[in-house]
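Enquirer: What follows is the file query.pdb, containing PDB, C-alpha atoms and all ligand atoms:
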```pdb
ATOM      1  CA  MET A 261      23.224 -17.360   6.410
ATOM      2  CA  ASP A 262      26.238 -15.476   7.729
ATOM      3  CA  SER A 263      26.451 -16.150  11.443
ATOM      4  CA  LYS A 264      29.127 -13.645  12.364
ATOM      5  CA  PRO A 265      28.370 -10.997  14.996
ATOM      6  CA  TYR A 266      27.169  -7.681  13.636
ATOM      7  CA  THR A 267      26.319  -4.178  14.775
ATOM      8  CA  PHE A 268      23.881  -1.645  13.406
ATOM      9  CA  ASP A 269      22.993   1.911  14.287
ATOM     10  CA  ILE A 270      19.518   3.326  14.663
ATOM     11  CA  LYS A 271      19.461   6.987  13.723
ATOM     12  CA  LEU A 272      17.147   9.125  15.842
ATOM     13  CA  PRO A 273      14.935  10.932  15.234
ATOM     14  CA  GLY A 274      13.497   8.675  12.583
ATOM     15  CA  GLY A 275      14.411   5.165  13.611
ATOM     16  CA  ILE A 276      15.536   3.769  10.262
ATOM     17  CA  PRO A 277      18.551   1.482  10.853
ATOM     18  CA  ASP A 278      21.670   2.138   8.776
ATOM     19  CA  HIS A 279      21.252  -1.323   7.285
ATOM     20  CA  TYR A 280      18.539  -3.990   7.304
ATOM     21  CA  ASP A 281      17.398  -6.964   5.202
ATOM     22  CA  ASN A 282      13.696  -6.387   4.783
ATOM     23  CA  HIS A 283      11.363  -3.374   4.772
ATOM     24  CA  ILE A 284       7.662  -4.080   5.280
ATOM     25  CA  GLU A 285       4.971  -1.451   4.674
ATOM     26  CA  ARG A 286       1.504  -2.002   6.128
ATOM     27  CA  ARG A 287      -1.353  -0.005   4.667
ATOM     28  CA  LEU A 288      -4.963   0.631   5.562
ATOM     29  CA  SER A 289      -6.175  -2.091   3.170
ATOM     30  CA  SER A 290      -4.498  -4.795   5.277
ATOM     31  CA  MET A 291      -6.492  -3.708   8.364
ATOM     32  CA  ARG A 292     -10.006  -4.475   7.141
ATOM     33  CA  GLY A 293     -12.426  -5.003  10.046
ATOM     34  CA  GLN A 294      -9.986  -3.783  12.712
ATOM     35  CA  PHE A 295     -10.909  -0.114  13.139
ATOM     36  CA  LEU A 296     -14.124   0.483  15.069
ATOM     37  CA  ASP A 297     -15.484   3.173  12.737
ATOM     38  CA  GLN A 298     -16.083   1.077   9.618
ATOM     39  CA  LYS A 299     -17.607   4.016   7.735
ATOM     40  CA  ALA A 300     -14.540   6.200   8.337
ATOM     41  CA  TYR A 301     -12.375   3.231   7.290
ATOM     42  CA  SER A 302     -14.224   2.679   3.990
ATOM     43  CA  GLU A 303     -14.363   6.379   3.155
ATOM     44  CA  ARG A 304     -10.643   6.800   3.752
ATOM     45  CA  LEU A 305      -9.772   3.657   1.808
ATOM     46  CA  ALA A 306     -11.813   4.908  -1.135
ATOM     47  CA  ARG A 307      -9.606   8.037  -1.163
ATOM     48  CA  GLU A 308      -6.210   6.496  -0.396
ATOM     49  CA  ASP A 309      -4.568   3.353   0.903
ATOM     50  CA  THR A 310      -2.745   5.156   3.724
ATOM     51  CA  LEU A 311       0.613   3.862   4.974
ATOM     52  CA  LEU A 312       0.022   3.119   8.682
ATOM     53  CA  TYR A 313       3.275   1.508   9.811
ATOM     54  CA  GLU A 314       6.598   0.114   8.655
ATOM     55  CA  VAL A 315       8.945  -2.577   9.898
ATOM     56  CA  TYR A 316      12.698  -2.822   9.218
ATOM     57  CA  GLU A 317      13.819  -6.406   9.827
ATOM     58  CA  PHE A 318      17.103  -8.206  10.151
ATOM     59  CA  LYS A 319      16.700 -11.659   8.621
ATOM     60  CA  ARG A 320      17.687 -14.577  10.828
ATOM     61  CA  PRO A 321      16.834 -18.272  10.513
ATOM     62  CA  GLU A 322      13.368 -18.850  11.965
ATOM     63  CA  ILE A 323      14.495 -21.498  14.437
ATOM     64  CA  ALA A 324      14.676 -21.855  18.213
ATOM     65  CA  GLY A 325      17.906 -20.345  19.493
ATOM     66  CA  GLU A 326      17.832 -17.419  17.053
ATOM     67  CA  LEU A 327      16.437 -14.004  18.023
ATOM     68  CA  LEU A 328      14.479 -12.059  15.400
ATOM     69  CA  HIS A 329      14.811  -8.311  15.752
ATOM     70  CA  GLY A 330      14.070  -5.034  14.045
ATOM     71  CA  ILE A 331      12.419  -1.659  14.193
ATOM     72  CA  SER A 332       8.698  -0.932  14.089
ATOM     73  CA  ILE A 333       7.530   2.577  13.130
ATOM     74  CA  VAL A 334       3.836   3.442  13.571
ATOM     75  CA  HIS A 335       2.979   6.709  11.849
ATOM     76  CA  PRO A 336       0.683   9.330  13.441
ATOM     77  CA  GLY A 337      -2.988   9.604  12.554
ATOM     78  CA  LYS A 338      -6.481   8.310  13.215
ATOM     79  CA  VAL A 339      -9.250   6.402  11.474
ATOM     80  CA  GLY A 340     -12.382   7.972  12.949
ATOM     81  CA  ASN A 341     -11.344   8.518  16.573
ATOM     82  CA  GLU A 342      -9.034   5.529  16.731
ATOM     83  CA  TYR A 343      -5.282   5.966  16.513
ATOM     84  CA  TYR A 344      -3.131   4.238  13.898
ATOM     85  CA  MET A 345      -1.968   0.869  15.189
ATOM     86  CA  THR A 346      -0.370  -2.383  14.080
ATOM     87  CA  LYS A 347      -2.442  -5.411  13.057
ATOM     88  CA  GLY A 348      -1.233  -7.219  16.145
ATOM     89  CA  HIS A 349      -0.879 -10.950  16.600
ATOM     90  CA  PHE A 350      -0.373 -13.933  18.844
ATOM     91  CA  HIS A 351       2.822 -15.838  18.229
ATOM     92  CA  THR A 352       2.063 -19.158  16.514
ATOM     93  CA  VAL A 353       4.167 -20.816  19.189
ATOM     94  CA  LEU A 354       2.058 -19.318  21.955
ATOM     95  CA  GLU A 355       4.682 -19.941  24.631
ATOM     96  CA  THR A 356       7.117 -17.390  23.179
ATOM     97  CA  ALA A 357       7.739 -13.918  24.602
ATOM     98  CA  GLU A 358       8.918 -10.629  23.102
ATOM     99  CA  VAL A 359      10.755  -7.512  24.329
ATOM    100  CA  TYR A 360      10.091  -3.994  23.016
ATOM    101  CA  TYR A 361      12.282  -0.975  23.698
ATOM    102  CA  CYS A 362      10.658   2.358  22.896
ATOM    103  CA  LEU A 363      13.034   4.759  21.158
ATOM    104  CA  GLN A 364      10.761   7.621  20.128
ATOM    105  CA  GLY A 365       7.191   8.867  20.392
ATOM    106  CA  GLN A 366       4.340   7.870  22.652
ATOM    107  CA  GLY A 367       1.697   5.223  22.655
ATOM    108  CA  TYR A 368       0.486   1.994  24.160
ATOM    109  CA  MET A 369       0.932  -1.734  23.725
ATOM    110  CA  VAL A 370      -2.483  -3.407  23.829
ATOM    111  CA  MET A 371      -2.244  -7.032  24.958
ATOM    112  CA  GLU A 372      -4.502  -9.963  25.805
ATOM    113  CA  THR A 373      -4.365 -13.703  26.395
ATOM    114  CA  PRO A 374      -6.610 -16.454  25.023
ATOM    115  CA  GLU A 375      -7.814 -16.904  28.619
ATOM    116  CA  GLY A 376      -9.330 -13.380  28.669
ATOM    117  CA  GLU A 377      -6.744 -11.357  30.581
ATOM    118  CA  TRP A 378      -5.889  -7.962  29.091
ATOM    119  CA  SER A 379      -3.260  -5.280  29.686
ATOM    120  CA  VAL A 380      -2.450  -1.915  28.121
ATOM    121  CA  GLU A 381       1.060  -0.638  28.893
ATOM    122  CA  PRO A 382       2.366   2.845  28.033
ATOM    123  CA  LEU A 383       5.295   3.292  25.652
ATOM    124  CA  ARG A 384       7.587   6.309  26.071
ATOM    125  CA  PRO A 385      11.194   6.813  24.961
ATOM    126  CA  GLY A 386      13.280   4.610  27.260
ATOM    127  CA  SER A 387      10.412   2.235  28.193
ATOM    128  CA  VAL A 388      11.251  -1.451  28.035
ATOM    129  CA  LEU A 389       8.167  -3.632  27.661
ATOM    130  CA  TYR A 390       8.192  -7.360  28.340
ATOM    131  CA  VAL A 391       5.408  -9.245  26.542
ATOM    132  CA  PRO A 392       5.175 -12.631  28.273
ATOM    133  CA  PRO A 393       4.365 -15.875  26.448
ATOM    134  CA  ARG A 394       0.654 -16.207  25.452
ATOM    135  CA  TRP A 395      -0.003 -12.445  25.140
ATOM    136  CA  ALA A 396      -1.153 -11.048  21.781
ATOM    137  CA  HIS A 397       0.368  -7.602  21.174
ATOM    138  CA  ARG A 398      -0.495  -4.508  19.135
ATOM    139  CA  SER A 399       1.254  -1.124  19.267
ATOM    140  CA  VAL A 400      -0.789   2.081  19.065
ATOM    141  CA  ASN A 401       0.625   5.565  18.342
ATOM    142  CA  THR A 402      -1.254   8.135  20.450
ATOM    143  CA  ALA A 403       0.873  11.130  19.415
ATOM    144  CA  LEU A 404      -0.721  12.843  16.465
ATOM    145  CA  ASP A 405       2.457  14.752  15.614
ATOM    146  CA  GLY A 406       5.134  12.071  15.314
ATOM    147  CA  ASP A 407       6.075   8.426  14.807
ATOM    148  CA  LEU A 408       6.102   5.740  17.499
ATOM    149  CA  VAL A 409       9.434   3.936  17.104
ATOM    150  CA  THR A 410      10.220   0.671  18.911
ATOM    151  CA  PHE A 411      12.970  -1.938  18.756
ATOM    152  CA  PHE A 412      11.657  -5.508  19.129
ATOM    153  CA  ILE A 413      13.261  -8.883  19.763
ATOM    154  CA  TYR A 414      11.596 -12.315  19.913
ATOM    155  CA  PRO A 415      12.452 -16.008  19.493
ATOM    156  CA  GLY A 416      13.253 -17.212  15.991
ATOM    157  CA  ASP A 417      10.669 -19.997  16.007
ATOM    158  CA  ALA A 418       7.769 -17.829  17.336
ATOM    159  CA  GLY A 419       5.862 -17.295  14.055
ATOM    160  CA  HIS A 420       2.807 -15.037  13.656
ATOM    161  CA  ASP A 421      -0.861 -15.889  14.125
ATOM    162  CA  TYR A 422      -2.700 -12.903  12.613
ATOM    163  CA  GLY A 423      -5.941 -14.784  11.943
ATOM    164  CA  THR A 424      -7.219 -14.909  15.532
ATOM    165  CA  ILE A 425      -7.065 -11.111  15.904
ATOM    166  CA  GLU A 426      -8.428 -10.566  12.366
ATOM    167  CA  SER A 427     -11.521 -12.578  13.219
ATOM    168  CA  GLN A 428     -12.197 -11.521  16.830
ATOM    169  CA  GLY A 429     -10.358  -8.204  17.302
ATOM    170  CA  TYR A 430      -8.912  -7.040  20.618
ATOM    171  CA  ARG A 431     -10.968  -6.695  23.787
ATOM    172  CA  LYS A 432      -9.702  -3.129  24.269
ATOM    173  CA  LEU A 433      -9.286  -0.185  21.893
ATOM    174  CA  VAL A 434      -7.325   3.058  22.317
ATOM    175  CA  MET A 435      -9.437   6.033  21.219
ATOM    176  CA  ASP A 436      -8.933   9.791  21.048
ATOM    177  CA  THR A 437     -11.595  11.264  23.361
ATOM    178  CA  PRO A 438     -12.173  14.739  24.871
ATOM    179  CA  ALA A 439     -10.326  13.392  27.938
ATOM    180  CA  GLY A 440      -7.329  12.391  25.784
ATOM    181  CA  ALA A 441      -6.185   8.922  24.744
ATOM    182  CA  SER A 442      -8.582   6.493  26.440
ATOM    183  CA  ILE A 443      -8.758   2.720  26.744
ATOM    184  CA  VAL A 444     -12.278   1.529  25.944
ATOM    185  CA  ASP A 445     -14.082  -1.805  25.538
ATOM    186  CA  ASN A 446     -14.308  -2.974  21.941
ATOM    187  CA  PRO A 447     -18.048  -3.339  21.244
ATOM    188  CA  ARG A 448     -17.260  -5.466  18.194
ATOM    189  CA  TRP A 449     -15.044  -7.961  20.050
ATOM    190  CA  LYS A 450     -16.102 -11.555  19.285
ATOM    191  CA  SER A 451     -15.358 -14.455  21.607
TER     192      SER A 451
HETATM  193  C1  LIG A 501       6.831  -9.619  15.793
HETATM  194  C2  LIG A 501       6.831  -8.317  16.482
HETATM  195  C3  LIG A 501       6.916  -7.040  15.652
HETATM  196  C4  LIG A 501       5.683  -6.754  14.838
HETATM  197  C5  LIG A 501       5.616  -5.351  14.281
HETATM  198  C6  LIG A 501       4.434  -5.148  13.334
HETATM  199  O1  LIG A 501       6.513 -10.637  16.434
HETATM  200  O2  LIG A 501       7.154  -9.693  14.595
HETATM  201  O3  LIG A 501       5.753  -8.284  17.361
HETATM  202  O4  LIG A 501       7.961  -7.126  14.779
HETATM  203  O5  LIG A 501       5.637  -7.671  13.767
HETATM  204  O6  LIG A 501       5.523  -4.429  15.327
HETATM  205  O7  LIG A 501       3.238  -5.623  13.878
HETATM  206  P1  LIG A 501       2.387  -6.757  13.163
HETATM  207  O8  LIG A 501       3.301  -7.922  12.935
HETATM  208  O9  LIG A 501       1.295  -7.080  14.124
HETATM  209  O10 LIG A 501       1.890  -6.224  11.860
HETATM  210 NI    NI A 502       5.314 -10.431  18.068
END
```
As a first step, turn the structure in this file into structure tokens.
Ligand code: 6PG
Ligand code: NI

Expert:
Amino acid sequence: MDSKPYTFDIKLPGGIPDHYDNHIERRLSSMRGQFLDQKAYSERLAREDTLLYEVYEFKRPEIAGELLHGISIVHPGKVGNEYYMTKGHFHTVLETAEVYYCLQGQGYMVMETPEGEWSVEPLRPGSVLYVPPRWAHRSVNTALDGDLVTFFIYPGDAGHDYGTIESQGYRKLVMDTPAGASIVDNPRWKS
């Protein structure tokens, strides 16, 4: 792989970089079991496999010393009363961190550790979020009228453990309530 320095521009509004190596689209069908309202999920999926979020990646070798980076765009919408969100994951190498810089929109990063700590941090344009080692992370778009756009950067050897979240969920959910976007306990969380 070419190891020369490079520069890219992120056009706002929108967030799509002027070049990238990989474009990932994540749809409703890849989020089975994650949204609280399973009936709303099944009914929607029967109608359409909605595009929930997209990632534009720059490919780097997946080794220690490299930094993987790209743009994550979570589209606006809800399944039942729960906002669109990413699958979320632990890093396979648990002792690896990540930095997010919010470029556009509004939302939250929902995080937790295997030891049972949890944290939900707001994301606004200009927010820099540090996700320490050991913290699973999921971004949630709470604006129903626009995308949540973040730039992320994490160690090349981190890897992704999606399975733990797929089987147990997150301890906390972000729901649209009469009081606005609210952080609630996940009644379906499994230890
Ligand atoms: C990573 C980052 C980030 C993340 C996207 C999509 O470690 O790769 O956390 O790039 O992948 O925001 O979220 P999911 O990977 O959870 O689908
Ligand atoms: Ni990550």

Enquirer: Using only C-alpha atoms and all ligand atoms, which of A:Val339, A:Ile270, A:Ala441, A:Val391 sits nearest ligand NI 502 (chain A)?

Expert: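 Closest to ligand NI 502 (chain A) of all the choices is A:Val391.
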
Enquirer: Using only C-alpha atoms and all ligand atoms, I'd like a table of the residues in chain A that come within 9 Å of ligand NI 502 (chain A); for each, show the closest atom pair and its distance in Å rounded to one decimal, ordered by chain and ascending number, as a Markdown table.

Expert:
```
| residue | atom | partner | partner_atom | distance |
| --- | --- | --- | --- | --- |
| A:Gly348 | CA | A:NI502 | NI | 7.5 |
| A:His349 | CA | A:NI502 | NI | 6.4 |
| A:Phe350 | CA | A:NI502 | NI | 6.7 |
| A:His351 | CA | A:NI502 | NI | 6.0 |
| A:Thr356 | CA | A:NI502 | NI | 8.8 |
| A:Ala357 | CA | A:NI502 | NI | 7.8 |
| A:Glu358 | CA | A:NI502 | NI | 6.2 |
| A:Val359 | CA | A:NI502 | NI | 8.8 |
| A:Val391 | CA | A:NI502 | NI | 8.6 |
| A:Ala396 | CA | A:NI502 | NI | 7.5 |
| A:His397 | CA | A:NI502 | NI | 6.5 |
| A:Arg398 | CA | A:NI502 | NI | 8.4 |
| A:Phe412 | CA | A:NI502 | NI | 8.1 |
| A:Ile413 | CA | A:NI502 | NI | 8.3 |
| A:Tyr414 | CA | A:NI502 | NI | 6.8 |
| A:Ala418 | CA | A:NI502 | NI | 7.8 |
| A:Gly419 | CA | A:NI502 | NI | 8.0 |
| A:His420 | CA | A:NI502 | NI | 6.9 |
```

Enquirer: For the selection you just gave me, I'd like the residues written to a file as a compact mmCIF listing (two decimals), in the frame of the given file, keeping C-alpha atoms.

Expert:
```txt
# COMPACT_ATOMS: atom_id res chain seq x y z
CA GLY A 348 -1.23 -7.22 16.14
CA HIS A 349 -0.88 -10.95 16.60
CA PHE A 350 -0.37 -13.93 18.84
CA HIS A 351 2.82 -15.84 18.23
CA THR A 356 7.12 -17.39 23.18
CA ALA A 357 7.74 -13.92 24.60
CA GLU A 358 8.92 -10.63 23.10
CA VAL A 359 10.76 -7.51 24.33
CA VAL A 391 5.41 -9.24 26.54
CA ALA A 396 -1.15 -11.05 21.78
CA HIS A 397 0.37 -7.60 21.17
CA ARG A 398 -0.50 -4.51 19.14
CA PHE A 412 11.66 -5.51 19.13
CA ILE A 413 13.26 -8.88 19.76
CA TYR A 414 11.60 -12.32 19.91
CA ALA A 418 7.77 -17.83 17.34
CA GLY A 419 5.86 -17.30 14.06
CA HIS A 420 2.81 -15.04 13.66
```

Enquirer: Which distance in Å separates CA of Ile323 (chain A) and CA of Thr410 (chain A), to one decimal?

Expert: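 Taking CA of Ile323 (chain A) and CA of Thr410 (chain A), their separation equals 23.0 Å.
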
Enquirer: With the PyMOL selection byres (((chain A and resi 372) around 12) and not hetatm) as the selection, what would be picked from this file? Answer as a count of residues only, please.

Expert: 31

Enquirer: Please list as a list in words every residue within 9 Å of region 329-331 of chain A, counting all atoms listed in the file and excluding residues in the same chain fewer than 3 positions away.

Expert: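 Returned residues: Ile270, Gly275, Ile276, Pro277, Tyr280, Glu314, Val315, Tyr316, Glu317, Phe318, Lys319, Arg320, Val409, Thr410, Phe411, Phe412, Ile413, Tyr414 and Pro415 of chain A.
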
Enquirer: So, with only C-alpha atoms and all ligand atoms as the atoms that count, which of A:Ser451, A:Asn282, A:Thr346, A:Ser302 lies closest to ligand LIG 501 (chain A)?

Expert: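 Ranking A:Ser451, A:Asn282, A:Thr346, A:Ser302 by distance to ligand LIG 501 (chain A), first place goes to A:Thr346.
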
Enquirer: Using all atoms listed in the file, which residue out of A:Val334, A:Ala306, A:Ile443, A:Ala324 lies closest to ligand LIG 501 (chain A)?

Expert: A:Val334

Enquirer: If you apply the PyMOL selection byres (((chain A and resi 401) around 6) and not hetatm) to this file, what residues do you get, as a count of residues only?

Expert: 6

Enquirer: Check the smallest atom-to-atom distance from each of A:Glu303, A:Glu322, A:Asp278, A:Asp297 to ligand LIG 501 (chain A) using only C-alpha atoms and all ligand atoms, then report the winner.

Expert: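 Closest to ligand LIG 501 (chain A) of all the choices is A:Glu322.
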
Enquirer: Could you check which of A:Met345, A:Leu383, A:Ala300, A:Val444 is closest to ligand LIG 501 (chain A), using only C-alpha atoms and all ligand atoms?

Expert: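 Smallest separation from ligand LIG 501 (chain A) among the options: A:Met345.
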
Enquirer: I'd like to see the residues matched by the PyMOL selection byres (((chain A and resi 286) around 9) and not hetatm) on this file, and ideally I'd get them as JSON, numbers by chain.

Expert: {"A": [284, 285, 287, 288, 289, 290, 291, 310, 311, 312, 313, 314, 315, 346, 347]}

Enquirer: Could you please determine the separation between CA of Ser399 (chain A) and CA of Tyr266 (chain A) in Å, to one decimal place?

Expert: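 One can read the CA of Ser399 (chain A) to CA of Tyr266 (chain A) distance as 27.3 Å.
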
Enquirer: Would you mind reading off the distance between CA of Asp436 (chain A) and CA of Lys299 (chain A), one decimal, in Å?

Expert: 16.9 Å

Enquirer: Tell me which protein, DNA and RNA residues are within 7 Å of Val388 (chain A), counting only C-alpha atoms, leaving out same-chain ones fewer than 5 positions away, and put them as a PyMOL selection string.

Expert: chain A and resi 360-362

Enquirer: Please write out, as lines of an AutoDock Vina configuration file, where the centre of an axis-aligned box around all listed atoms of ligand LIG 501 (chain A) lies and how long its edges are, in Å to one decimal, after adding 3 Å on each side.

Expert:
```
center_x = 4.6
center_y = -7.5
center_z = 14.6
size_x = 12.7
size_y = 12.2
size_z = 11.5
```

Enquirer: From the set A:Asp405, A:Asp281, A:Leu389, A:Phe295, which residue has the shortest atom-to-atom contact distance to Asn341 (chain A), counting all atoms listed in the file?

Expert: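 Checking each candidate against Asn341 (chain A), we get A:Phe295 as the closest.
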
Enquirer: Any chance you could export region 327-349 of chain A with N, CA and C atoms, as a compact mmCIF listing (two decimals), in the first residue's frame?

Expert:
```txt
# COMPACT_ATOMS: atom_id res chain seq x y z
N LEU A 327 -3.30 4.12 11.68
CA LEU A 327 -4.53 4.70 12.23
C LEU A 327 -5.62 4.58 11.17
N LEU A 328 -6.66 3.84 11.45
CA LEU A 328 -7.80 3.72 10.53
C LEU A 328 -8.70 4.93 10.73
N HIS A 329 -9.24 5.44 9.62
CA HIS A 329 -10.02 6.67 9.74
C HIS A 329 -11.05 6.76 8.63
N GLY A 330 -12.08 7.55 8.88
CA GLY A 330 -13.13 7.71 7.88
C GLY A 330 -14.28 8.52 8.43
N ILE A 331 -15.36 8.48 7.68
CA ILE A 331 -16.55 9.28 8.00
C ILE A 331 -17.73 8.34 8.22
N SER A 332 -18.47 8.60 9.28
CA SER A 332 -19.68 7.82 9.56
C SER A 332 -20.88 8.76 9.43
N ILE A 333 -21.89 8.33 8.69
CA ILE A 333 -23.08 9.17 8.48
C ILE A 333 -24.32 8.37 8.89
N VAL A 334 -24.94 8.77 10.00
CA VAL A 334 -26.17 8.10 10.45
C VAL A 334 -27.35 8.95 9.97
N HIS A 335 -28.22 8.34 9.20
CA HIS A 335 -29.36 9.06 8.64
C HIS A 335 -30.44 9.28 9.71
N PRO A 336 -31.36 10.23 9.47
CA PRO A 336 -32.41 10.50 10.46
C PRO A 336 -33.57 9.52 10.34
N GLY A 337 -34.17 9.21 11.48
CA GLY A 337 -35.37 8.36 11.46
C GLY A 337 -35.47 7.56 12.74
N LYS A 338 -36.56 6.81 12.84
CA LYS A 338 -36.80 6.00 14.04
C LYS A 338 -37.38 4.65 13.63
N VAL A 339 -37.12 3.66 14.48
CA VAL A 339 -37.84 2.38 14.41
C VAL A 339 -38.64 2.32 15.70
N GLY A 340 -39.97 2.38 15.60
CA GLY A 340 -40.78 2.60 16.80
C GLY A 340 -40.41 3.98 17.33
N ASN A 341 -40.05 4.05 18.61
CA ASN A 341 -39.64 5.34 19.19
C ASN A 341 -38.13 5.45 19.37
N GLU A 342 -37.41 4.56 18.72
CA GLU A 342 -35.96 4.53 18.91
C GLU A 342 -35.26 5.08 17.66
N TYR A 343 -34.34 5.98 17.90
CA TYR A 343 -33.66 6.65 16.78
C TYR A 343 -32.75 5.69 16.02
N TYR A 344 -32.52 5.99 14.74
CA TYR A 344 -31.54 5.24 13.96
C TYR A 344 -30.18 5.34 14.65
N MET A 345 -29.44 4.25 14.56
CA MET A 345 -28.16 4.15 15.28
C MET A 345 -27.27 3.16 14.55
N THR A 346 -26.00 3.14 14.93
CA THR A 346 -25.08 2.15 14.36
C THR A 346 -25.22 0.84 15.14
N LYS A 347 -24.72 -0.25 14.55
CA LYS A 347 -24.71 -1.53 15.26
C LYS A 347 -23.97 -1.37 16.58
N GLY A 348 -22.81 -0.77 16.52
CA GLY A 348 -21.96 -0.61 17.69
C GLY A 348 -21.13 -1.86 17.93
N HIS A 349 -20.02 -1.68 18.61
CA HIS A 349 -19.09 -2.79 18.81
C HIS A 349 -18.09 -2.49 19.90
```
